[in-house]
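The structure appears below as structure tokens.
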Amino acid sequence: MLLRSLPLVFVLAGVALYTVLGGADFGAGFWQLFAGRNERGERVREFAHQSMGPVWEANHVWLIFVLTVFWTSYPKAFGSIASTLAVVLFIALLGIIFRGATYAFRAGASTDRELGRIDTIFSFSSILTPFALGAAVGAIATNRVPVGNAAGHLFSSWLNPTSIFIGVLAVASCAYLAAIYLAADAARDGHQALERDFRLRALGAGVLAGAIAIGGIFIVNADYHTLFHSLLSGRALAAVIASFLTGLVTLMLVYDRRYEPARYGGAIAVAAIVAGWALARWPTILPGLTVDQAAAGHDTLVWVIVCVLVGSLILFPSLAFLFRLALAGRFQAAESTVPDEIAQPLRATRPGVVARLAVALLIAGFGLLNVAAAQWTHAVGVVCLVCYVVLGFRAIIFSALRPDRPGAGP
Amino acid sequence: MYMAGYVVSGFILAGCYAYSRLRGRWGRYERIALTISLTVGAFAAIAEGPIGDWAARDVASTQPIKLAAMEGLYKTTKGAPEHLLGWYTGNHLKFAIPIPHVLSLLADHSWNGRVQGLSTVPPSQRPPVNVVHWAFDIMVGIGSLLALLAVVYLAIWIWRKRLPESTWFYRALVVAGPLAVVALISGWVVTEVGRQPWVVYGVMRTDAAVTGAHGIPIGYGALAASYVVVACGLGWVLRRLARAPLDVSAETPSELQPA
């Protein structure tokens, strides 16, 4: 039971993290669209762009994580969802493609007009993607995705009151989170005007998201009573109440200009909605398909869990480092050059020794990979070849980079 | 595949700076950029040799029909020859150049090793041989040329302690970048088309795995159109960025060559 449920817990944790972290990115795009076309709006846009710059790519790691763990561990459920919701997931994909592309294209803009056009596409994709993903969640939540290859309706599965409600709620939550984070960043960097702007936006978006959530409960009741009932009973109700209360507390924190705790409060409020939804459905994934029935074979699940745990040993320290730098505002500081005392020892290594080691690794790699026949020798052989590339590179590159190197050019 | 990624990016970047050199722009910036990218590409291209050999033996044992399609081998053969180029028709390769025993050596590491042929499975379970065979030959051919270029480059570094000076080397580098991409794509064709009609070899056929959703061609058309738009945008951005003046404060005027 634990073996079959644990990957789904990872998936849900990934969904929650994506909603909270990726959501803030999408929300920043939302505010760029509604910043207005004057100088003040320009400042808001520029700040939103810079603020999310360093972390925006990292946050989308969670979407990839969710997808890969889900399709490896619950292939039947994944196949049913991906085929029935092909259209809406495709729309989300287009949004993600254009978001990433326009983010990069910003570097090439030289006039305000070009920048404005690029930002508009960026903002529309930033709204389209969370809406589409929210609508997909709505389709699953209202049991409109049956088990089977494209067994549900391609359009009505996600074009229904509940899906649209969850899509709109997703956009509003993203805007709410982004406004809190941006207000916090602005306060940290000492931009008083921007802080005021984003504080107002956070308060407005928070009230609006809360109102949409409460109003939406009635939409859900009319559209799909079972979901309404399961959300308002048992453990799910606890999560819904927790979300409501943390949301309220966060609003007060923002009002009070205490942004650092508000960052976490907003994140918890949104994550609690994901938890509530999961608790309302557990242990059903799709109608007539429980977590146990949907799970992949024993060995697959064991390896998924091992890989996730080992991967998290690398991922979490890296992310913690990234967020520490981002939260401390270190990315906004001027770029520093590598101090000489760090660069010096690299140059001091003797290329001859490294080069011989590289050749030795190439021969060892060849022997282990191509002469020896056991699985483990192959694994070691591949590692040897990778090390050979790295060391070979080092052997050549540091002598090549010496500015005084004789015969460096024609 | 991972190693191939380094080969492709290394040679593409090196190709850009080789082009710069041919056009007469050859300062410290270009020299260092070419050295860094080509060094990575060169070491990786050489490492592809052992890795490719390992992959071939792995395919021979896990997906023998894919290997048979790569080589256009109809009958199961002991001491099978390797065939270069040619056209597969009527169950054998016409106009191909045979190299005796080499296929057995590659697949089995023995002179008379047994290599399974296409005839061991019914026609409905064989991939389109010519596509796979040609893609394989293109991949290996380009890969070998890149490795040769890499050996030339590294040999000059080791014995002369400098970059090659021949203009032909830099012309070859300019061509090598796009060719590396062709080799990479050919490798994908070998692995994907070579496995057909299976999506999971011997377990699930591709037609059983495909989505039942309608309108997939429309979706893929939209996706292709989106990527065309993104590619045009990328070209636009790169041109814009290339036009901006290069900020190389360490550059001394004496190192710049007149264009």
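Each chain in the structure tokens gets a letter, A, B, ..., in the order shown, and its residues are numbered from 1; ligands are numbered from 1 in order too.
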For chain B against chain A, which residues fall within 9 Å using only C-alpha atoms, given as a compact mmCIF listing (two decimals) with C-alpha atoms, in the first residue's frame?
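File produced: iface.txt:
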```txt
# COMPACT_ATOMS: atom_id res chain seq x y z
CA MET B 3 28.07 12.42 -25.15
CA TRP B 26 40.57 36.23 -35.22
CA GLY B 27 41.20 37.97 -31.92
CA ARG B 28 41.82 36.50 -28.51
CA ARG B 31 40.60 31.97 -30.38
CA ILE B 32 39.58 31.13 -26.84
CA THR B 35 39.54 26.34 -28.29
CA ILE B 36 37.02 25.78 -25.49
CA THR B 39 38.25 20.84 -27.11
CA VAL B 40 35.01 19.62 -25.56
CA ALA B 42 36.98 16.71 -29.81
CA PHE B 43 37.33 14.70 -26.60
CA ALA B 44 33.66 13.75 -26.73
CA ILE B 46 36.71 10.36 -29.59
CA ALA B 47 34.83 8.93 -26.62
CA GLY B 49 33.98 5.38 -30.49
CA PRO B 50 34.00 3.07 -27.46
CA ILE B 51 30.48 4.18 -26.52
CA ASP B 53 30.77 -0.05 -29.90
CA TRP B 54 29.16 -0.71 -26.53
CA ARG B 57 26.65 -4.86 -28.75
CA HIS B 109 33.45 -9.46 -30.53
CA LEU B 154 44.44 17.12 -30.53
CA TRP B 157 47.89 20.53 -29.76
CA ILE B 158 50.04 17.81 -28.24
CA LYS B 161 51.27 23.21 -28.77
CA ARG B 162 49.11 25.46 -30.93
CA LEU B 163 45.93 25.54 -32.96
CA GLU B 165 46.91 26.73 -39.10
CA VAL B 210 -1.03 5.68 -30.03
CA THR B 211 -3.59 8.09 -28.55
CA GLY B 212 -7.23 7.72 -29.51
CA ALA B 213 -7.80 11.48 -29.35
CA HIS B 214 -9.00 13.07 -32.57
CA GLY B 215 -7.39 16.04 -34.25
CA ILE B 216 -3.82 15.08 -33.42
CA GLY B 219 -2.33 19.73 -32.86
CA ALA B 222 -0.06 23.96 -34.64
CA LEU B 223 2.98 22.77 -32.71
CA SER B 226 4.67 27.46 -33.21
CA TYR B 227 8.21 26.17 -33.45
CA VAL B 230 9.96 30.47 -32.23
CA GLY B 233 12.22 34.76 -33.28
CA LEU B 234 15.44 33.04 -32.27
CA TRP B 236 15.94 37.60 -35.00
CA VAL B 237 17.29 37.72 -31.43
CA LEU B 238 20.63 36.18 -32.39
CA ARG B 239 21.10 38.69 -35.22
CA ARG B 240 20.27 41.51 -32.84
CA LEU B 241 22.69 40.28 -30.21
CA GLU B 255 45.59 41.28 -31.58
```
Neighbouring residues of stretch 233-248 of chain A were defined as those with any atom within 6 Å, considering only C-alpha atoms; residues of the same chain fewer than 3 positions away were excluded. Please report them as a ChimeraX atom specification. /A:230,251,265,269,272,276,279-280
Take the selection from the previous step and output its residues with C-alpha atoms, as a compact mmCIF listing (two decimals), in the first residue's frame.
```txt
# COMPACT_ATOMS: atom_id res chain seq x y z
CA SER A 230 -16.26 15.47 -0.47
CA LEU A 251 -3.62 39.12 3.86
CA GLY A 265 1.70 32.11 4.36
CA ALA A 269 -2.66 28.75 1.59
CA ALA A 272 -3.42 23.53 1.20
CA GLY A 276 -7.56 19.37 0.13
CA LEU A 279 -7.64 14.26 0.34
CA ALA A 280 -11.14 14.65 -1.11
```
Between B:Ser110, B:Gly86, B:Met70, B:Phe169, which is the closest to B:Arg21 once you count only C-alpha atoms?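 For B:Arg21, the nearest of the given residues is B:Phe169.
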Would you mind listing what lies within 10 Å of stretch 157-162 of chain A as a PDB file with C-alpha atoms, in the first residue's frame, with only C-alpha atoms counted and same-chain residues fewer than 2 positions away left out?
```
ATOM      1  CA  THR A  84      -8.792  12.705 -22.943  1.00  0.00           C
ATOM      2  CA  LEU A  85      -7.291  16.060 -22.000  1.00  0.00           C
ATOM      3  CA  VAL A  87      -6.512  19.547 -26.244  1.00  0.00           C
ATOM      4  CA  VAL A  88      -6.235  21.463 -22.988  1.00  0.00           C
ATOM      5  CA  ALA A 132      -5.390  25.444 -18.959  1.00  0.00           C
ATOM      6  CA  LEU A 133      -3.699  23.439 -16.215  1.00  0.00           C
ATOM      7  CA  GLY A 134      -6.404  24.457 -13.753  1.00  0.00           C
ATOM      8  CA  ALA A 135      -9.103  23.436 -16.225  1.00  0.00           C
ATOM      9  CA  ALA A 136      -7.389  20.050 -16.590  1.00  0.00           C
ATOM     10  CA  VAL A 137      -7.444  19.632 -12.815  1.00  0.00           C
ATOM     11  CA  GLY A 138     -11.141  20.520 -12.884  1.00  0.00           C
ATOM     12  CA  ALA A 139     -11.775  17.800 -15.448  1.00  0.00           C
ATOM     13  CA  ILE A 140     -10.109  15.182 -13.245  1.00  0.00           C
ATOM     14  CA  ALA A 141     -11.824  16.474 -10.101  1.00  0.00           C
ATOM     15  CA  THR A 142     -15.285  16.184 -11.620  1.00  0.00           C
ATOM     16  CA  ASN A 143     -14.649  12.653 -12.904  1.00  0.00           C
ATOM     17  CA  ARG A 144     -14.901  13.761 -16.520  1.00  0.00           C
ATOM     18  CA  VAL A 145     -11.769  11.776 -17.357  1.00  0.00           C
ATOM     19  CA  PRO A 146     -12.777   8.101 -17.528  1.00  0.00           C
ATOM     20  CA  GLY A 152     -13.754  11.115 -22.310  1.00  0.00           C
ATOM     21  CA  HIS A 153     -14.908  14.057 -24.390  1.00  0.00           C
ATOM     22  CA  LEU A 154     -12.076  16.100 -25.899  1.00  0.00           C
ATOM     23  CA  PHE A 155     -13.739  19.444 -25.173  1.00  0.00           C
ATOM     24  CA  ILE A 164     -13.432  27.121 -15.824  1.00  0.00           C
ATOM     25  CA  PHE A 165     -13.822  28.004 -12.154  1.00  0.00           C
ATOM     26  CA  ILE A 166     -10.614  26.159 -11.203  1.00  0.00           C
ATOM     27  CA  GLY A 167      -8.806  27.675 -14.202  1.00  0.00           C
ATOM     28  CA  VAL A 168      -9.799  31.191 -13.118  1.00  0.00           C
ATOM     29  CA  GLY A 216     -16.781  28.724  -6.849  1.00  0.00           C
ATOM     30  CA  ILE A 217     -17.929  26.374  -4.111  1.00  0.00           C
ATOM     31  CA  PHE A 218     -21.501  27.062  -5.265  1.00  0.00           C
ATOM     32  CA  ILE A 219     -20.551  26.499  -8.903  1.00  0.00           C
ATOM     33  CA  VAL A 220     -19.061  23.153  -7.915  1.00  0.00           C
ATOM     34  CA  ASN A 221     -22.206  22.322  -5.961  1.00  0.00           C
ATOM     35  CA  ALA A 222     -24.397  22.976  -8.987  1.00  0.00           C
ATOM     36  CA  ASP A 223     -22.067  21.299 -11.482  1.00  0.00           C
ATOM     37  CA  TYR A 224     -20.815  18.286  -9.583  1.00  0.00           C
ATOM     38  CA  LEU A 227     -16.967  16.979  -5.317  1.00  0.00           C
TER      39      LEU A 227
END
```
Extract, using only C-alpha atoms, all DNA, RNA and protein residues at most 10 Å from A:Arg43, discarding same-chain residues fewer than 4 positions from it, and format them as a ChimeraX atom specification. /A:32,35,38-39,47-49,193-194
Set the distance at 9 Å and use only C-alpha atoms: which residues neighbour stretch 299-301 of chain A once local chain neighbours fewer than 5 positions away are removed? I'd like the list as a PyMOL selection string. chain A and resi 3-4+6-7+72-73+306
Same residues, C-alpha atoms, saved as an mmCIF file, in the first residue's frame:
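Written out: again-v5.cif:
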```cif
data_model
loop_
_atom_site.group_PDB
_atom_site.id
_atom_site.type_symbol
_atom_site.label_atom_id
_atom_site.label_comp_id
_atom_site.auth_asym_id
_atom_site.auth_seq_id
_atom_site.Cartn_x
_atom_site.Cartn_y
_atom_site.Cartn_z
ATOM 1 C CA LEU A 3 4.822 1.453 -1.987
ATOM 2 C CA ARG A 4 1.917 2.125 -4.327
ATOM 3 C CA LEU A 6 4.311 6.973 -2.101
ATOM 4 C CA PRO A 7 4.968 7.977 -5.740
ATOM 5 C CA THR A 72 6.220 5.970 -14.716
ATOM 6 C CA SER A 73 4.263 5.063 -11.608
ATOM 7 C CA VAL A 306 14.977 5.254 -5.077
#
```
May I have all residues of stretch 74-141 of chain B that DSSP, computed from the backbone, assigns to helix (DSSP H, G or I), given as a ChimeraX atom specification? /B:102-108,118-120,123-125,129-141
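Restricting the calculation to only C-alpha atoms, the smallest distance between B:Gln63 and any of B:Arg195, B:Lys78, B:Arg23, B:Lys94 is found for B:Arg195.
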Apply DSSP to the backbone of this structure and, from stretch 140-374 of chain A, keep only the residues in strand (DSSP E); write these as a PyMOL selection string. chain A and resi 284-286+289-290
Counting only C-alpha atoms, which residues of stretch 122-215 of chain A fall within 10 Å of stretch 23-27 of chain A, and what is the closest atom pair for each with its distance in Å at one decimal, ordered by chain and rising number, as CSV?
```
residue,atom,partner,partner_atom,distance
A:Phe122,CA,A:Phe26,CA,9.4
A:Ser123,CA,A:Phe26,CA,8.1
A:Phe124,CA,A:Phe26,CA,9.7
A:Ser125,CA,A:Phe26,CA,8.4
A:Ser126,CA,A:Phe26,CA,4.7
A:Ile127,CA,A:Phe26,CA,6.6
A:Leu128,CA,A:Phe26,CA,9.2
A:Thr129,CA,A:Phe26,CA,7.9
A:Pro130,CA,A:Phe26,CA,7.2
A:Ala170,CA,A:Gly23,CA,8.1
A:Val171,CA,A:Gly27,CA,7.1
A:Ala172,CA,A:Gly27,CA,8.0
A:Ser173,CA,A:Gly23,CA,7.5
A:Cys174,CA,A:Gly27,CA,4.4
A:Ala175,CA,A:Gly27,CA,4.0
A:Tyr176,CA,A:Gly27,CA,7.2
A:Leu177,CA,A:Ala24,CA,5.3
A:Ala178,CA,A:Ala24,CA,4.2
A:Ala179,CA,A:Gly27,CA,7.5
A:Ile180,CA,A:Ala24,CA,8.9
A:Tyr181,CA,A:Ala24,CA,7.5
A:Leu182,CA,A:Ala24,CA,9.0
```
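What separates atom CA of A:Phe323 from atom CA of A:Leu63 is a distance of 18.0 Å.
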Between atom CA of B:Asp137 and atom CA of A:Ala374, distance in Å (one decimal):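 Pair atom CA of B:Asp137 / atom CA of A:Ala374 returns 28.2 Å.
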Excluding B:Leu85 and its own-chain neighbours fewer than 3 positions away, which residues fall within 8 Å of it when counting only C-alpha atoms? Please give them as a ChimeraX atom specification. /B:95-97,133-134,137
I need the residues from that last selection saved to file as a short mmCIF file (atom, residue, chain, number, x, y, z; two decimals), in the first residue's frame (with N, CA and C atoms), if you can.
```cif
data_model
loop_
_atom_site.label_atom_id
_atom_site.label_comp_id
_atom_site.auth_asym_id
_atom_site.auth_seq_id
_atom_site.Cartn_x
_atom_site.Cartn_y
_atom_site.Cartn_z
N PHE B 95 24.48 -3.27 -54.39
CA PHE B 95 25.52 -2.23 -54.58
C PHE B 95 26.20 -1.84 -53.27
N ALA B 96 26.20 -2.73 -52.28
CA ALA B 96 26.84 -2.37 -51.02
C ALA B 96 28.30 -2.83 -51.03
N ILE B 97 29.12 -2.19 -50.17
CA ILE B 97 30.52 -2.58 -50.08
C ILE B 97 30.66 -3.49 -48.86
N HIS B 133 19.09 1.56 -42.32
CA HIS B 133 20.45 1.28 -42.78
C HIS B 133 21.17 2.57 -43.18
N TRP B 134 20.46 3.42 -43.94
CA TRP B 134 21.09 4.67 -44.38
C TRP B 134 21.32 5.62 -43.22
N ASP B 137 24.38 4.40 -41.45
CA ASP B 137 25.63 4.67 -42.17
C ASP B 137 25.98 6.16 -42.11
#
```
Go through stretch 15-107 of chain A residue by residue and, counting only C-alpha atoms, keep those with an atom at most 10 Å from stretch 282-285 of chain A; for each kept residue give the shortest atom pair and its distance in Å to one decimal, ordered by chain and increasing number, as a Markdown table.
```
| residue | atom | partner | partner_atom | distance |
| --- | --- | --- | --- | --- |
| A:Tyr74 | CA | A:Ile285 | CA | 9.4 |
| A:Ala77 | CA | A:Ile285 | CA | 7.1 |
| A:Phe78 | CA | A:Ile285 | CA | 9.9 |
```
When you look at B:Ala33 with a cut-off of 9 Å (counting only C-alpha atoms), what residues show up, excluding the ones that are within fewer than 6 positions of it in the same chain? I need them as a ChimeraX atom specification. /B:13-14,17
Take the selection from the previous step and output its residues with C-alpha atoms, as a PDB file, in the first residue's frame.
```pdb
ATOM      1  CA  LEU B  13      30.150  26.545 -31.604  1.00  0.00           C
ATOM      2  CA  ALA B  14      33.595  25.783 -32.977  1.00  0.00           C
ATOM      3  CA  TYR B  17      34.322  30.735 -34.693  1.00  0.00           C
TER       4      TYR B  17
END
```
